[in-house]
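So this one's work34.tsv, TSV, C-alpha atoms and all ligand atoms:
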```
chain	number	residue	atom	x	y	z
D	25	VAL	CA	21.10	97.38	-8.38
D	26	PHE	CA	19.66	94.37	-10.13
D	27	ALA	CA	17.43	96.34	-12.48
D	28	ASN	CA	19.50	95.37	-15.51
D	29	VAL	CA	19.29	91.65	-14.93
D	30	VAL	CA	17.58	90.09	-17.91
D	31	GLN	CA	15.10	87.25	-17.70
D	32	ALA	CA	16.85	83.91	-18.30
D	33	PRO	CA	15.20	81.22	-20.40
D	34	GLU	CA	13.80	78.13	-18.66
D	35	ASP	CA	15.98	75.00	-18.69
D	36	PRO	CA	15.22	72.95	-21.84
D	37	ILE	CA	14.43	69.83	-19.76
D	38	LEU	CA	13.39	70.96	-16.28
D	39	GLY	CA	11.52	73.91	-17.82
D	40	VAL	CA	9.18	71.39	-19.47
D	41	THR	CA	8.01	70.37	-15.98
D	42	VAL	CA	7.50	74.03	-15.06
D	43	ALA	CA	5.22	74.47	-18.10
D	44	TYR	CA	3.44	71.17	-17.37
D	45	ASN	CA	2.74	72.20	-13.76
D	46	LYS	CA	1.07	75.40	-14.98
D	47	ASP	CA	-1.27	73.55	-17.37
D	48	PRO	CA	-4.72	73.01	-15.78
D	49	SER	CA	-5.78	70.36	-18.34
D	50	PRO	CA	-6.88	67.03	-16.78
D	51	VAL	CA	-5.43	65.07	-19.73
D	52	LYS	CA	-1.95	66.57	-19.51
D	53	LEU	CA	1.03	64.24	-19.70
D	54	ASN	CA	4.64	64.98	-18.78
D	55	LEU	CA	7.10	63.05	-20.94
D	56	GLY	CA	9.82	65.65	-20.52
D	57	VAL	CA	12.15	64.92	-17.64
D	58	GLY	CA	13.53	61.40	-17.31
D	59	ALA	CA	11.76	60.46	-14.10
D	60	TYR	CA	10.06	57.12	-13.54
D	61	ARG	CA	6.30	56.95	-13.03
D	62	THR	CA	4.16	53.95	-12.15
D	63	GLU	CA	1.28	52.59	-14.24
D	64	GLU	CA	-0.87	54.98	-12.19
D	65	GLY	CA	1.32	57.88	-13.31
D	66	LYS	CA	2.75	58.38	-9.82
D	67	PRO	CA	6.39	58.83	-8.72
D	68	LEU	CA	7.82	55.64	-7.18
D	69	VAL	CA	9.76	55.19	-3.97
D	70	LEU	CA	11.31	51.73	-4.16
D	71	ASN	CA	10.32	49.37	-1.33
D	72	VAL	CA	13.95	48.63	-0.64
D	73	VAL	CA	14.64	52.36	-0.28
D	74	SER	CA	11.78	52.74	2.24
D	75	ARG	CA	13.14	49.74	4.11
D	76	ALA	CA	16.63	51.21	4.23
D	77	GLU	CA	15.25	54.56	5.42
D	78	GLN	CA	13.32	52.82	8.19
D	79	MET	CA	16.47	51.04	9.32
D	80	LEU	CA	18.33	54.33	9.38
D	81	VAL	CA	15.59	56.02	11.41
D	82	ASN	CA	15.56	53.15	13.91
D	83	ASP	CA	19.32	53.25	14.35
D	84	GLN	CA	19.69	55.31	17.54
D	85	SER	CA	23.43	55.58	17.13
D	86	ARG	CA	23.12	57.75	14.03
D	87	VAL	CA	24.05	61.41	14.26
D	88	LYS	CA	24.01	64.30	11.82
D	89	GLU	CA	27.71	65.14	11.82
D	90	TYR	CA	29.41	66.39	8.67
D	91	LEU	CA	30.65	63.74	6.30
D	92	PRO	CA	34.29	63.98	5.21
D	93	ILE	CA	34.88	66.15	2.12
D	94	THR	CA	35.02	62.96	0.04
D	95	GLY	CA	31.72	61.63	1.45
D	96	LEU	CA	30.70	58.37	3.09
D	97	ALA	CA	33.57	55.89	2.84
D	98	ASP	CA	31.35	52.79	2.59
D	99	PHE	CA	29.24	54.40	-0.10
D	100	ASN	CA	32.34	55.23	-2.15
D	101	LYS	CA	33.76	51.70	-1.93
D	102	LEU	CA	30.45	50.08	-2.79
D	103	SER	CA	29.77	52.47	-5.66
D	104	ALA	CA	33.14	51.68	-7.23
D	105	LYS	CA	32.35	47.97	-6.86
D	106	LEU	CA	28.97	48.44	-8.49
D	107	ILE	CA	30.35	50.01	-11.63
D	108	PHE	CA	33.77	48.38	-11.97
D	109	GLY	CA	32.75	44.95	-10.65
D	110	ALA	CA	33.60	43.24	-7.35
D	111	ASP	CA	36.63	41.53	-8.89
D	112	SER	CA	37.92	44.60	-10.70
D	113	PRO	CA	41.73	44.60	-10.85
D	114	ALA	CA	41.71	48.38	-10.37
D	115	ILE	CA	39.84	48.05	-7.08
D	116	GLN	CA	42.02	45.17	-5.92
D	117	ASP	CA	45.15	47.24	-6.64
D	118	ASN	CA	43.69	50.26	-4.78
D	119	ARG	CA	44.03	52.30	-7.97
D	120	VAL	CA	40.56	53.86	-7.76
D	121	ALA	CA	39.85	57.21	-6.09
D	122	THR	CA	36.11	57.62	-5.47
D	123	VAL	CA	34.37	60.64	-4.01
D	124	GLN	CA	30.68	61.06	-3.21
D	125	CYS	CA	29.17	63.90	-5.23
D	126	LEU	CA	25.80	65.55	-5.90
D	127	SER	CA	24.36	62.94	-8.23
D	128	GLY	CA	25.54	62.63	-11.84
D	129	THR	CA	25.69	66.36	-12.54
D	130	GLY	CA	27.81	67.09	-9.47
D	131	SER	CA	30.13	64.20	-10.29
D	132	LEU	CA	30.64	65.50	-13.81
D	133	ARG	CA	31.23	69.01	-12.51
D	134	VAL	CA	33.85	67.96	-9.97
D	135	GLY	CA	35.57	65.64	-12.43
D	136	ALA	CA	35.64	68.31	-15.13
D	137	GLU	CA	37.02	70.94	-12.77
D	138	PHE	CA	39.76	68.55	-11.65
D	139	LEU	CA	40.66	67.91	-15.30
D	140	ALA	CA	40.72	71.63	-16.09
D	141	ARG	CA	43.20	72.11	-13.23
D	142	HIS	CA	45.40	69.04	-13.53
D	143	TYR	CA	45.13	67.46	-16.96
D	144	HIS	CA	47.20	68.67	-19.89
D	145	GLN	CA	44.30	68.61	-22.39
D	146	ARG	CA	41.31	70.90	-21.85
D	147	THR	CA	39.31	69.70	-24.84
D	148	ILE	CA	36.47	67.29	-24.21
D	149	TYR	CA	34.58	65.58	-27.03
D	150	ILE	CA	30.91	64.94	-26.35
D	151	PRO	CA	28.41	63.05	-28.49
D	152	LEU	CA	26.07	64.81	-30.91
D	153	PRO	CA	23.43	64.93	-29.59
D	154	THR	CA	23.89	64.57	-25.85
D	155	TRP	CA	22.15	65.46	-22.60
D	156	GLY	CA	21.54	69.23	-22.83
D	157	ASN	CA	23.29	69.93	-19.53
D	158	HIS	CA	26.58	68.30	-20.56
D	159	PRO	CA	28.09	71.20	-22.53
D	160	LYS	CA	27.06	73.68	-19.84
D	161	VAL	CA	28.50	71.68	-16.93
D	162	LEU	CA	31.76	70.97	-18.73
D	163	THR	CA	32.27	74.49	-20.07
D	164	ILE	CA	31.63	76.18	-16.75
D	165	ALA	CA	34.18	73.84	-15.16
D	166	GLY	CA	36.81	75.17	-17.54
D	167	LEU	CA	36.87	72.58	-20.35
D	168	SER	CA	36.44	73.35	-24.01
D	169	VAL	CA	33.69	71.31	-25.67
D	170	LYS	CA	33.79	69.75	-29.11
D	171	TYR	CA	31.34	67.27	-30.59
D	172	TYR	CA	31.78	63.85	-32.14
D	173	ARG	CA	29.15	62.39	-34.46
D	174	TYR	CA	26.98	59.83	-32.69
D	175	TYR	CA	23.44	59.59	-34.00
D	176	ASP	CA	22.32	59.10	-37.56
D	177	PRO	CA	18.83	60.61	-38.09
D	178	ALA	CA	18.43	58.62	-41.32
D	179	THR	CA	18.72	55.22	-39.63
D	180	ARG	CA	17.73	56.45	-36.17
D	181	GLY	CA	20.71	54.43	-35.02
D	182	LEU	CA	24.41	54.88	-34.30
D	183	ASN	CA	26.64	56.75	-36.73
D	184	PHE	CA	29.53	54.46	-35.94
D	185	GLN	CA	31.66	55.48	-38.89
D	186	GLY	CA	31.24	59.17	-38.05
D	187	LEU	CA	32.08	58.46	-34.42
D	188	LEU	CA	35.30	56.64	-35.34
D	189	GLU	CA	36.30	59.36	-37.81
D	190	ASP	CA	35.75	62.18	-35.32
D	191	LEU	CA	37.53	60.48	-32.44
D	192	GLY	CA	40.24	59.42	-34.90
D	193	SER	CA	40.93	63.05	-35.73
D	194	ALA	CA	40.75	64.32	-32.14
D	195	PRO	CA	44.05	65.62	-30.77
D	196	SER	CA	45.93	63.02	-28.78
D	197	GLY	CA	45.14	63.09	-25.09
D	198	ALA	CA	41.73	64.77	-25.56
D	199	ILE	CA	39.01	63.82	-23.09
D	200	VAL	CA	36.00	61.93	-24.46
D	201	LEU	CA	32.65	61.87	-22.72
D	202	LEU	CA	30.95	58.49	-23.18
D	203	HIS	CA	27.45	57.55	-22.02
D	204	ALA	CA	28.09	54.26	-20.23
D	205	CYS	CA	24.70	52.87	-21.29
D	206	ALA	CA	21.22	53.98	-22.38
D	207	HIS	CA	22.40	57.06	-24.23
D	208	ASN	CA	20.42	60.18	-23.43
D	209	PRO	CA	18.56	61.43	-25.49
D	210	THR	CA	18.79	58.87	-28.31
D	211	GLY	CA	18.41	55.49	-26.58
D	212	VAL	CA	21.05	54.21	-29.02
D	213	ASP	CA	24.13	52.40	-27.65
D	214	PRO	CA	27.14	50.85	-29.40
D	215	THR	CA	27.30	47.05	-29.33
D	216	LEU	CA	30.02	45.46	-27.19
D	217	GLU	CA	32.07	44.78	-30.34
D	218	GLN	CA	31.75	48.45	-31.28
D	219	TRP	CA	32.75	49.45	-27.75
D	220	ASP	CA	35.84	47.35	-28.15
D	221	GLN	CA	36.75	49.17	-31.35
D	222	ILE	CA	36.11	52.53	-29.68
D	223	LYS	CA	38.37	51.46	-26.86
D	224	GLN	CA	41.17	50.38	-29.19
D	225	LEU	CA	40.99	53.65	-31.08
D	226	MET	CA	40.92	55.72	-27.90
D	227	ARG	CA	43.78	53.88	-26.28
D	228	SER	CA	45.89	54.10	-29.44
D	229	LYS	CA	45.50	57.89	-29.39
D	230	GLY	CA	45.74	58.29	-25.63
D	231	LEU	CA	42.21	59.74	-25.44
D	232	LEU	CA	40.92	59.89	-21.87
D	233	PRO	CA	37.49	58.24	-21.31
D	234	PHE	CA	35.07	60.05	-19.00
D	235	PHE	CA	32.00	57.84	-18.54
D	236	ASP	CA	28.66	59.26	-17.54
D	237	SER	CA	26.73	56.39	-15.98
D	238	ALA	CA	23.27	57.69	-15.16
D	239	TYR	CA	21.22	54.64	-16.16
D	240	GLN	CA	23.04	51.53	-14.93
D	241	GLY	CA	20.38	48.80	-14.86
D	242	PHE	CA	17.97	50.61	-17.18
D	243	ALA	CA	19.43	49.54	-20.52
D	244	SER	CA	19.34	45.76	-20.16
D	245	GLY	CA	17.73	45.42	-16.74
D	246	SER	CA	21.03	44.00	-15.44
D	247	LEU	CA	23.48	46.11	-13.45
D	248	ASP	CA	26.48	44.03	-14.53
D	249	ALA	CA	25.59	43.93	-18.22
D	250	ASP	CA	25.10	47.69	-18.31
D	251	ALA	CA	28.54	48.24	-16.77
D	252	GLN	CA	30.33	46.14	-19.42
D	253	PRO	CA	31.54	49.07	-21.56
D	254	VAL	CA	33.15	50.71	-18.52
D	255	ARG	CA	34.69	47.43	-17.38
D	256	LEU	CA	36.10	46.87	-20.86
D	257	PHE	CA	38.09	50.08	-20.54
D	258	VAL	CA	39.25	49.28	-17.00
D	259	ALA	CA	40.34	45.76	-17.92
D	260	ASP	CA	43.31	46.96	-19.96
D	261	GLY	CA	44.91	48.69	-16.97
D	262	GLY	CA	44.46	52.19	-18.42
D	263	GLU	CA	42.93	55.29	-16.88
D	264	CYS	CA	39.35	56.46	-16.99
D	265	LEU	CA	36.82	58.52	-15.06
D	266	ALA	CA	33.26	57.53	-14.21
D	267	ALA	CA	30.39	59.67	-12.92
D	268	GLN	CA	27.60	57.61	-11.35
D	269	SER	CA	24.07	58.67	-10.49
D	270	TYR	CA	21.57	56.87	-8.28
D	271	ALA	CA	18.75	59.20	-9.37
D	272	LYS	CA	17.12	56.79	-11.80
D	273	ASN	CA	18.23	53.30	-10.82
D	274	MET	CA	17.41	53.75	-7.11
D	275	GLY	CA	14.80	56.44	-7.69
D	276	LEU	CA	16.75	58.84	-5.44
D	277	TYR	CA	16.32	61.86	-7.74
D	278	GLY	CA	15.95	64.61	-5.14
D	279	GLU	CA	18.44	63.10	-2.70
D	280	ARG	CA	21.24	64.07	-5.11
D	281	VAL	CA	23.42	61.04	-4.60
D	282	GLY	CA	26.21	60.03	-6.93
D	283	ALA	CA	29.89	59.18	-7.12
D	284	LEU	CA	32.92	60.19	-9.14
D	285	SER	CA	35.73	57.69	-9.64
D	286	PHE	CA	39.16	58.08	-11.12
D	287	VAL	CA	40.81	54.84	-12.21
D	288	CYS	CA	44.54	55.56	-12.03
D	289	ARG	CA	47.72	53.67	-12.91
D	290	THR	CA	48.89	53.18	-9.33
D	291	ALA	CA	47.58	53.41	-5.76
D	292	ASP	CA	49.93	56.29	-5.09
D	293	VAL	CA	48.53	58.33	-7.99
D	294	ALA	CA	44.97	57.55	-6.86
D	295	SER	CA	45.73	58.85	-3.41
D	296	ARG	CA	47.19	62.11	-4.78
D	297	VAL	CA	44.19	62.52	-7.12
D	298	GLU	CA	41.88	62.12	-4.14
D	299	SER	CA	43.79	64.79	-2.20
D	300	GLN	CA	43.28	67.23	-5.09
D	301	LEU	CA	39.61	66.32	-5.47
D	302	LYS	CA	39.16	67.53	-1.91
D	303	LEU	CA	40.52	70.90	-2.97
D	304	VAL	CA	37.92	71.07	-5.74
D	305	ILE	CA	35.02	70.05	-3.50
D	306	ARG	CA	35.69	72.00	-0.30
D	307	PRO	CA	35.21	75.51	-1.74
D	308	MET	CA	32.32	74.33	-3.94
D	309	TYR	CA	29.94	72.80	-1.36
D	310	SER	CA	32.22	71.76	1.49
D	311	ASN	CA	31.04	68.16	1.83
D	312	PRO	CA	28.17	66.09	0.47
D	313	PRO	CA	24.82	65.27	2.13
D	314	LEU	CA	24.47	62.26	4.39
D	315	HIS	CA	20.99	60.86	3.87
D	316	GLY	CA	20.98	59.59	0.27
D	317	ALA	CA	24.44	58.06	0.52
D	318	SER	CA	23.41	56.25	3.72
D	319	ILE	CA	20.41	54.75	1.92
D	320	VAL	CA	22.57	53.57	-0.97
D	321	ALA	CA	25.28	52.13	1.30
D	322	THR	CA	22.65	50.30	3.39
D	323	ILE	CA	21.25	48.64	0.28
D	324	LEU	CA	24.54	47.88	-1.46
D	325	LYS	CA	26.14	46.22	1.54
D	326	ASP	CA	23.27	43.90	2.43
D	327	ARG	CA	22.89	40.84	0.19
D	328	ASP	CA	19.11	40.57	0.54
D	329	MET	CA	18.49	44.24	0.07
D	330	PHE	CA	20.77	44.34	-2.94
D	331	HIS	CA	18.81	41.45	-4.44
D	332	GLU	CA	15.50	43.16	-3.72
D	333	TRP	CA	16.82	46.30	-5.43
D	334	THR	CA	17.76	44.38	-8.59
D	335	ILE	CA	14.23	42.97	-8.78
D	336	GLU	CA	12.60	46.36	-8.38
D	337	LEU	CA	15.00	47.88	-10.89
D	338	LYS	CA	14.24	45.17	-13.42
D	339	ALA	CA	10.51	45.76	-12.92
D	340	MET	CA	10.98	49.45	-13.81
D	341	ALA	CA	13.06	48.55	-16.87
D	342	ASP	CA	10.48	45.96	-17.97
D	343	ARG	CA	7.58	48.37	-17.61
D	344	ILE	CA	9.40	50.82	-19.88
D	345	ILE	CA	9.97	48.07	-22.47
D	346	SER	CA	6.26	47.25	-22.37
D	347	MET	CA	5.46	50.94	-22.93
D	348	ARG	CA	7.67	50.88	-26.02
D	349	GLN	CA	5.76	47.93	-27.42
D	350	GLN	CA	2.35	49.43	-26.60
D	351	LEU	CA	3.18	52.77	-28.22
D	352	PHE	CA	4.61	51.04	-31.29
D	353	ASP	CA	1.49	48.84	-31.60
D	354	ALA	CA	-0.80	51.84	-31.17
D	355	LEU	CA	0.93	53.70	-34.03
D	356	GLN	CA	0.82	50.59	-36.21
D	357	SER	CA	-2.89	50.17	-35.62
D	358	ARG	CA	-3.49	53.82	-36.56
D	359	GLY	CA	-1.47	53.35	-39.73
D	360	THR	CA	0.70	56.29	-38.76
D	361	PRO	CA	3.00	56.97	-41.72
D	362	GLY	CA	6.71	56.26	-41.26
D	363	ASP	CA	8.84	53.57	-39.72
D	364	TRP	CA	8.38	53.61	-35.94
D	365	SER	CA	10.43	50.50	-35.17
D	366	HIS	CA	13.05	52.67	-33.43
D	367	ILE	CA	10.58	52.98	-30.54
D	368	ILE	CA	11.14	49.30	-29.74
D	369	LYS	CA	14.77	49.21	-30.80
D	370	GLN	CA	15.99	52.11	-28.68
D	371	ILE	CA	16.79	51.38	-25.05
D	372	GLY	CA	16.72	52.99	-21.62
D	373	MET	CA	14.34	55.69	-20.49
D	374	PHE	CA	13.98	57.65	-23.70
D	375	THR	CA	12.72	57.39	-27.24
D	376	PHE	CA	14.21	59.84	-29.69
D	377	THR	CA	11.09	59.99	-31.81
D	378	GLY	CA	12.30	61.99	-34.78
D	379	LEU	CA	9.42	64.46	-34.25
D	380	ASN	CA	10.54	68.00	-35.00
D	381	THR	CA	10.12	71.07	-32.81
D	382	GLU	CA	7.02	72.23	-34.67
D	383	GLN	CA	5.35	68.85	-34.16
D	384	VAL	CA	6.30	68.89	-30.48
D	385	VAL	CA	4.80	72.37	-30.07
D	386	PHE	CA	1.61	71.14	-31.77
D	387	MET	CA	1.34	68.12	-29.45
D	388	THR	CA	1.80	70.31	-26.39
D	389	LYS	CA	-0.72	72.90	-27.55
D	390	GLU	CA	-3.42	70.56	-28.80
D	391	TYR	CA	-2.90	67.43	-26.67
D	392	HIS	CA	-1.22	68.81	-23.52
D	393	ILE	CA	1.66	66.39	-23.99
D	394	TYR	CA	4.93	67.80	-22.69
D	395	MET	CA	8.30	66.71	-24.04
D	396	THR	CA	11.65	68.27	-24.92
D	397	SER	CA	11.74	70.23	-28.17
D	398	ASP	CA	14.22	67.79	-29.76
D	399	GLY	CA	11.45	65.16	-29.91
D	400	ARG	CA	12.69	63.08	-26.98
D	401	ILE	CA	10.00	61.40	-24.93
D	402	SER	CA	10.52	59.82	-21.56
D	403	MET	CA	8.99	56.34	-21.88
D	404	ALA	CA	9.29	56.11	-18.09
D	405	GLY	CA	6.58	58.77	-17.79
D	406	LEU	CA	4.08	56.88	-19.94
D	407	ASN	CA	1.41	54.39	-18.83
D	408	SER	CA	-1.04	52.10	-20.62
D	409	LYS	CA	-4.01	54.43	-20.12
D	410	LYS	CA	-2.17	57.32	-21.78
D	411	VAL	CA	-0.79	55.39	-24.76
D	412	PRO	CA	-3.85	56.02	-27.01
D	413	HIS	CA	-3.72	59.75	-26.25
D	414	LEU	CA	-0.01	59.90	-27.13
D	415	ALA	CA	-0.48	57.78	-30.27
D	416	ASP	CA	-3.36	60.05	-31.43
D	417	ALA	CA	-1.17	63.10	-30.87
D	418	ILE	CA	1.80	61.66	-32.79
D	419	HIS	CA	-0.49	60.48	-35.58
D	420	GLU	CA	-2.05	63.90	-35.99
D	421	ALA	CA	1.31	65.70	-35.67
D	422	VAL	CA	2.80	63.74	-38.56
D	423	THR	CA	-0.26	63.63	-40.82
D	424	ARG	CA	-1.78	67.11	-40.50
X	501	LIG	C1	16.85	64.08	-18.10
X	501	LIG	O1	17.61	64.09	-19.07
X	501	LIG	O2	15.62	64.22	-18.21
X	501	LIG	C2	17.40	63.84	-16.73
X	501	LIG	O3	18.76	63.59	-16.78
X	501	LIG	C3	17.03	64.87	-15.75
X	501	LIG	C4	17.79	66.14	-15.89
X	501	LIG	O4	18.33	66.60	-14.87
X	501	LIG	O5	17.85	66.71	-16.98
```

How does the structure come out when it is put into structure tokens?
Ligand code: LMR
Amino acid sequence: VFANVVQAPEDPILGVTVAYNKDPSPVKLNLGVGAYRTEEGKPLVLNVVSRAEQMLVNDQSRVKEYLPITGLADFNKLSAKLIFGADSPAIQDNRVATVQCLSGTGSLRVGAEFLARHYHQRTIYIPLPTWGNHPKVLTIAGLSVKYYRYYDPATRGLNFQGLLEDLGSAPSGAIVLLHACAHNPTGVDPTLEQWDQIKQLMRSKGLLPFFDSAYQGFASGSLDADAQPVRLFVADGGECLAAQSYAKNMGLYGERVGALSFVCRTADVASRVESQLKLVIRPMYSNPPLHGASIVATILKDRDMFHEWTIELKAMADRIISMRQQLFDALQSRGTPGDWSHIIKQIGMFTFTGLNTEQVVFMTKEYHIYMTSDGRISMAGLNSKKVPHLADAIHEAVTR
């Protein structure tokens, strides 16, 4: 009965890891998926996460009961505080409805499905380019995707004028997906002044902001600084949505732990929104998993552990910055043609190199370096020992 099922293509990001795993070469390097590696090229479990897990294991009172449909209450409160700020007026007024979801993707999916059911505008504007999964998640949830200009390949920076023009001509009330910080794949963020202009434009047209916050702490190394754009939008009393992921900043990738928040006008609205979110979640996966959210809540509610987390997070962010510098220096010393300063200017986990698909294919074939076909490399996957190999590959790809 399934004989007519056709072979589906691999995922453009996760499929890179599949190809990498099949490659027997000892020099292979995976710069595809945005997943942090140590200087030794190994995945990292944060010390504070191990400590939290140990505490959970030692706690004899813990059981494995179902969580509520909306997830772990402590986790939800603390996640809202983390992104909106402890003194957020929206939190103080009880205007925020937060539900625990399956990391960033699950949060986006639940939020989008809610909007498709309850919001009068089904059109969502997403940046060009954006994370490859965005259009798929949003479309399948019932929204209709349109793009706004974001990146300028000529400057390898923000196309701010294009962004303002496209949002300026969006229909009033349209939803706008915004990367809260460390834009994926470009590593290019608006300045705070530009964010303010974006906010003014969006509010004047009644556009609804839907933040995807997958890298809080990775852009500047500071959790609060990276949340500023979101807080700017919340400060004016208006509505917004935020999808949070703990995959990168707590290294909880496979635990699938994230949160979706709706900032509403009143506490009463927030409570009704939450009741409807339950109707989205229950038939989708019933209720979320316990373990990851318990780790996060343990860390967020303990002052010392929270502090330890910020130090470990900063160390990851700093190592990535040092990789940027090392790769830039290595290309300079090879005299690689072109301006490579965007490697040090871009922020977060990724560099949007400007390499084209053909050059990427060449680097994979000849150098066993794996990356997405749009030329994005995960700086978090690089280490000092591998920098010369990567620089040689880029040099040859652009000069051959
Ligand atoms: C990425 O862009 O590499 C990450 O967000 C991982 C993923 O799920 O694609």

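Considering the residues D:Glu64, D:Glu390, D:Asp398, D:Asp117 and counting only C-alpha atoms and all ligand atoms, ligand LIG 501 (chain X) has its shortest atom-to-atom contact with D:Asp398.
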
| request: Give the residues close to ligand LIG 501 (chain X), within 8 Å, counting only C-alpha atoms and all ligand atoms; write them as a ChimeraX atom specification. | output: /D:37-38,56-59,129,155-157,208-209,238,402

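The neighbours of Leu232 of chain D here are the residues that come within 7 Å of it, using all atoms listed in the file and leaving out any residue fewer than 5 positions away in the same chain; they are Gly197, Ala198, Ile199, Val200 and Cys264 of chain D.
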
| Which residue, D:Leu55, D:Cys125, D:Leu265, D:Val81, has the smallest gap to Ala283 of chain D when you use all atoms listed in the file? | D:Cys125

Counting all atoms listed in the file, give me one row per residue of segment 356-408 of chain D with an atom at most 12 Å from an atom of segment 245-253 of chain D, showing the shortest contact pair and its distance in Å to one decimal, sorted by chain then residue number, as a tab-separated table.
```
residue	atom	partner	partner_atom	distance
D:Ile371	CA	D:Gly245	CA	10.3
D:Gly372	CA	D:Gly245	CA	9.1
D:Met373	CA	D:Gly245	CA	11.4
```

| field | Atom pair atom CA of Leu301 of chain D / atom CA of Gly95 of chain D: separation (Å) | value |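 Computed distance, atom CA of Leu301 of chain D to atom CA of Gly95 of chain D, equals 11.5 Å.
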
Complete the atom set of segment 398-415 of chain D to N, CA and C atoms and return it as a compact mmCIF listing (two decimals), in the coordinates of the input.
```
# COMPACT_ATOMS: atom_id res chain seq x y z
N ASP D 398 13.49 68.61 -28.79
CA ASP D 398 14.22 67.79 -29.76
C ASP D 398 13.47 66.50 -30.11
N GLY D 399 12.26 66.34 -29.58
CA GLY D 399 11.45 65.16 -29.91
C GLY D 399 11.71 63.97 -29.01
N ARG D 400 12.44 64.17 -27.93
CA ARG D 400 12.69 63.08 -26.98
C ARG D 400 11.47 62.89 -26.10
N ILE D 401 11.04 61.64 -25.93
CA ILE D 401 10.00 61.40 -24.93
C ILE D 401 10.52 60.43 -23.87
N SER D 402 10.14 60.71 -22.64
CA SER D 402 10.52 59.82 -21.56
C SER D 402 9.49 58.69 -21.49
N MET D 403 9.90 57.49 -21.91
CA MET D 403 8.99 56.34 -21.88
C MET D 403 8.63 56.00 -20.45
N ALA D 404 9.51 56.40 -19.51
CA ALA D 404 9.29 56.11 -18.09
C ALA D 404 8.12 56.91 -17.53
N GLY D 405 7.70 57.94 -18.26
CA GLY D 405 6.58 58.77 -17.79
C GLY D 405 5.25 58.32 -18.35
N LEU D 406 5.30 57.32 -19.24
CA LEU D 406 4.08 56.88 -19.94
C LEU D 406 3.42 55.73 -19.19
N ASN D 407 2.10 55.58 -19.36
CA ASN D 407 1.41 54.39 -18.83
C ASN D 407 0.35 53.94 -19.82
N SER D 408 -0.14 52.72 -19.62
CA SER D 408 -1.04 52.10 -20.62
C SER D 408 -2.24 52.98 -20.93
N LYS D 409 -2.80 53.61 -19.90
CA LYS D 409 -4.01 54.43 -20.12
C LYS D 409 -3.73 55.63 -21.04
N LYS D 410 -2.50 56.11 -21.01
CA LYS D 410 -2.17 57.32 -21.78
C LYS D 410 -1.63 57.02 -23.17
N VAL D 411 -1.37 55.73 -23.46
CA VAL D 411 -0.79 55.39 -24.76
C VAL D 411 -1.69 55.85 -25.92
N PRO D 412 -3.02 55.59 -25.88
CA PRO D 412 -3.85 56.02 -27.01
C PRO D 412 -3.79 57.53 -27.24
N HIS D 413 -3.79 58.29 -26.15
CA HIS D 413 -3.72 59.75 -26.25
C HIS D 413 -2.41 60.18 -26.94
N LEU D 414 -1.31 59.56 -26.54
CA LEU D 414 -0.01 59.90 -27.13
C LEU D 414 0.02 59.47 -28.61
N ALA D 415 -0.50 58.28 -28.89
CA ALA D 415 -0.48 57.78 -30.27
C ALA D 415 -1.35 58.68 -31.16
```
